[in-house]
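Asks: Can you keep this structure in mind? I'll have questions shortly.
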Amino acid sequence: MGQIQLNQVTKSFGDVQVIPPLDLTIEDGEFTVFVGPSGCGKSTLLRLIAGLEDITSGHIAIDGTDATDVPPAKRGLAMVFQSYALYPHMSVRKNIAFPMRMAGIDQAEQDRRIEAAAKALNLTDYLDRRPGQLSGGQRQRVAIGRAIVREPAAFLFDEPLSNLDAALRVGMRLEISEMHERLKTTMIYVTHDQVEAMTMADKIVVLRAGIVEQVGSPLELYQRPGNTFVAGFIGSPKMNLINGPEAAKYNAATIGIRPEHIDISETEGMWQGTVGVSEHLGSDTFFHIQSGLSPEPLTVRASGERKLKYGTEVYLTPQADHLHRFDQNGLRIE
Amino acid sequence: MARSVTQNRKIINTSAAWAVGLLIFFPILWTILTSFKTEAQAISDPPVFLAFDWTLENYGAVMERSNYARFLWNSIVIAGGSTILGIIIAVPAAWSMAFVPSKRTKDILLWMLSTKMLPAVGVLYPIYLLFIKLGLLDTKFGLTIVLMLINLPIIVWMLYTYFKEIPGEILEAARMDGASLKEEVLYVLTPMAIPGIASTLLLNVILAWNEAFWTLNLTAAKAAPLTAFIASYSSPEGLFYAKLSAASTMAIAPILILGWFSQKQLVSGLTFGAVK
């Protein structure tokens with residue numbers, strides 16, 4: 001079981017309030033991702049849940065019991081750190097065994113769980129090595145192994161993949177998702193990478209300056225962003241946001257349209273523009289179109305075969321039913 | 001061309017280093033040499049360097065006159081005891097300063113260091129009186145406590161610098177893994193800081209071994225360590241350089257040997273944190 005409830009939680013460092021009053025419920029078994037730009041308080045929030053930082057006011061409940069004043073060691077949560085934070089003086093086996101040793105689990109059971117975790121994480125051949133003799137990906141596996149064996153109420157991941165190279169990151173991402181499907185344990189995952197958030201999460205919590213901007217499933221956030229911040233943050237490449245008179249035509253302060261929802265034509269359309277840089281990804285092509293509508297070029301997705309020369313005059317037409325409208329406060333207009 | 005320049009520079013640097021090293025070592029070397037001379041040769045003018053009649057008679061005389069083993073034992077107990085006691089107190093202190101610093105941590109560190117700037121004689125009188133009252137005068141226990149207190153600031157400072165180098169996340173991981181504070185310090189922090197703790201240990205054994213002011217002033221016979229052993233040869237019957245040298249050599253020999261075998265550890269310890 002691992003339901004986590006935050007009730008009016010705040011955190012201040014000195015006079016600086018990094019988390020204003022915040023309410024959030026993470027359901028048992030859910031894969032929740034905290035995402036936001038750096039400095040948005042997502043790691044702090046995770047550390048508050050872990051108990052590594054004391055909350056300034058409010059309450060944290062784990063499985064319905066108040067855990068506000070419970071020390072991290074007693075919360076029954078496991079954490080995987082960005083720096084892996086393995087014990088350098090212990091072998092992989094001892095690293096993985098450490099939480100069980102602390103919990104006083106008997107040796108036979110320890111060995112059984114270590115073998116199982118090592119097998120699941122492809123670490124069987126490395127159990128007698130020291131962390132210093134492992135690659136980054138293996139170290140992260142050890143950190144995950146150390147978290148699994150104690151059978152926690154929830155896993156907390158603090159940007160666990162940021163120190164890995166791009167190829168490894170995709171692999172580990174799948175492994176963690178796979179692990180979640182298998183264990184069905186609550187997982188809270190902090191990242192600044194919205195691709196990780198989109199691909200892994202059951203529920204995404206978008207944070208900015210300690211404030212929850214929106215909570216929802218990846219597709220909810222993608223299809224119905226609650227405000228311009230979420231609209232701009234979720235999705236890659238970013239949603240095109242247009243202010244001014246063009247938005248006013250739609251009775252909005254800002255309109256947003258995703259790159260895949262703009263039709264591009266060399267002959268006719270609503271908006272005129274000039275082709276700038278094209279990015280050919282093979283499967284898709286992204287055109288950056290200079291238009292008078294916004295200071296930044298508009299991004300348009302087209303099929304991989306589509307070719308347009310730099311400087312070509314083109315016309316763009318947004319698909320009306322995929323147009324997002326926002327008011328002057330940046331909030332979504334339905 | 002470039003290679004010969006670096007080669008020359010290397011020779012110059014090495015010679016300079018040896019020259020400075022010998023200069024620093026010379027008094028010790030001279031003491032050791034003198035200990036093998038006769039009293040007459042020891043004060044001869046011009047001094048003789050190596051061409052003298054090597055003799056062991058000074059050592060024989062010293063061994064006959066004083067109980068070297070007892071002084072040695074006292075030194076070992078006092079230096080070792082004060083260091084171990086100091087480490088036991090300093091590890092938690094340095095832990096808290098390195099990992100849960102408060103606004104005042106820097107001030108406390110400086111304040112602790114400032115006690116080392118006070119001339120020891122300034123507190124001799126109160127400590128002497130305290131020792132009389134508590135019956136600690138001329139006891140190994142009393143001396144161990146005083147030397148521990150004297151070196152504690154250095155021990156805390158050294159450990160603090162080592163601990164600062166240990167990533168806090170590893171200790172947080174231990175906390176998440178269910179380790180209590182004691183287990184965190186015992187199973188995670190201390191083993192990781194072993195090299196640092198070892199060099200702190202070594203340096204403080206040396207400092208305590210060589211400490212003369214307090215050991216001379218607070219002991220008489222029972223608890224007197226090797227510093228008192230040397231001192232006993234410098235005063236009463238005038239100066240007997242050769243015997244004094246023999247006593248000195250015997251007093252510094254154990255620590256010299258310890259230092260020789262642990263010099264690598266000591267150097268890496270003292271430069272730890274300075275160069276990463």
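Each chain in the structure tokens gets a letter, A, B and so on, in the order shown; residues start at 1 in every chain, and ligands are counted from 1 in the order they appear.
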Please, which residues in chain A fall within 8 Å of chain B when counting only C-alpha atoms, and what is the closest atom pair and distance in Å to one decimal for each, ordered by chain then residue number, as CSV?

Replies:
residue,atom,partner,partner_atom,distance
A:Ala50,CA,B:Met176,CA,7.5
A:Leu52,CA,B:Glu172,CA,7.0
A:Pro72,CA,B:Met176,CA,5.5
A:Ala73,CA,B:Gly178,CA,3.8
A:Lys74,CA,B:Gly178,CA,6.4
A:Gly76,CA,B:Gly178,CA,8.0
A:Leu77,CA,B:Met176,CA,6.9
A:Ala78,CA,B:Met176,CA,6.0
A:Met79,CA,B:Met176,CA,6.5
A:Val80,CA,B:Ala173,CA,8.0
A:Phe81,CA,B:Glu169,CA,7.5
A:Ser83,CA,B:Glu169,CA,7.6
A:Ala85,CA,B:Ile170,CA,4.5
A:Leu86,CA,B:Ile170,CA,6.4
A:Tyr87,CA,B:Ile170,CA,6.6
A:Pro88,CA,B:Met192,CA,7.3
A:His89,CA,B:Met192,CA,6.3
A:Phe98,CA,B:Asp177,CA,7.1
A:Pro99,CA,B:Asp177,CA,4.5
A:Met102,CA,B:Ala179,CA,5.7
A:Ala103,CA,B:Gly178,CA,6.8
A:Ala147,CA,B:Asp177,CA,7.8

Asks: Compare B:Ser199, B:Asn58, B:Thr161, B:Thr105 by their minimum atom-to-atom distance to Tyr241 (chain B), counting only C-alpha atoms, and give me the closest one.

Replies: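 Closest to Tyr241 (chain B), using only C-alpha atoms: B:Asn58.
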
Asks: Have a look at A:Asp327, A:Glu268, A:Glu213, A:Asp263 and name the one nearest to Ser303 (chain A); count only C-alpha atoms.

Replies: A:Asp263

Asks: So which residues touch region 219-230 of chain B within 7 Å, counting only C-alpha atoms, skipping near sequence neighbours fewer than 2 positions away, as an NGL selection string?

Replies: :B and (71-72 or 74-75 or 137-140 or 210 or 212 or 215-217 or 232-233 or 244 or 247-248 or 251)

Asks: Rank nothing, just name the residue among B:Ala51, B:Ile76, B:Ala246, B:Leu110 nearest to Glu39 (chain B), using only C-alpha atoms.

Replies: B:Ala246

Asks: Compile the contact shell of Leu168 (chain A) as a list in words: residues with an atom at most 12 Å away, counting only C-alpha atoms, same-chain residues fewer than 3 positions apart removed.

Replies: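 My reading of the contact set: Ser135, Gly136, Gly137, Gln138, Gln140, Arg141, Pro160, Leu161, Ser162, Asn163, Leu164, Asp165, Gly171, Met172, Arg173, Leu174 and Glu175 of chain A.
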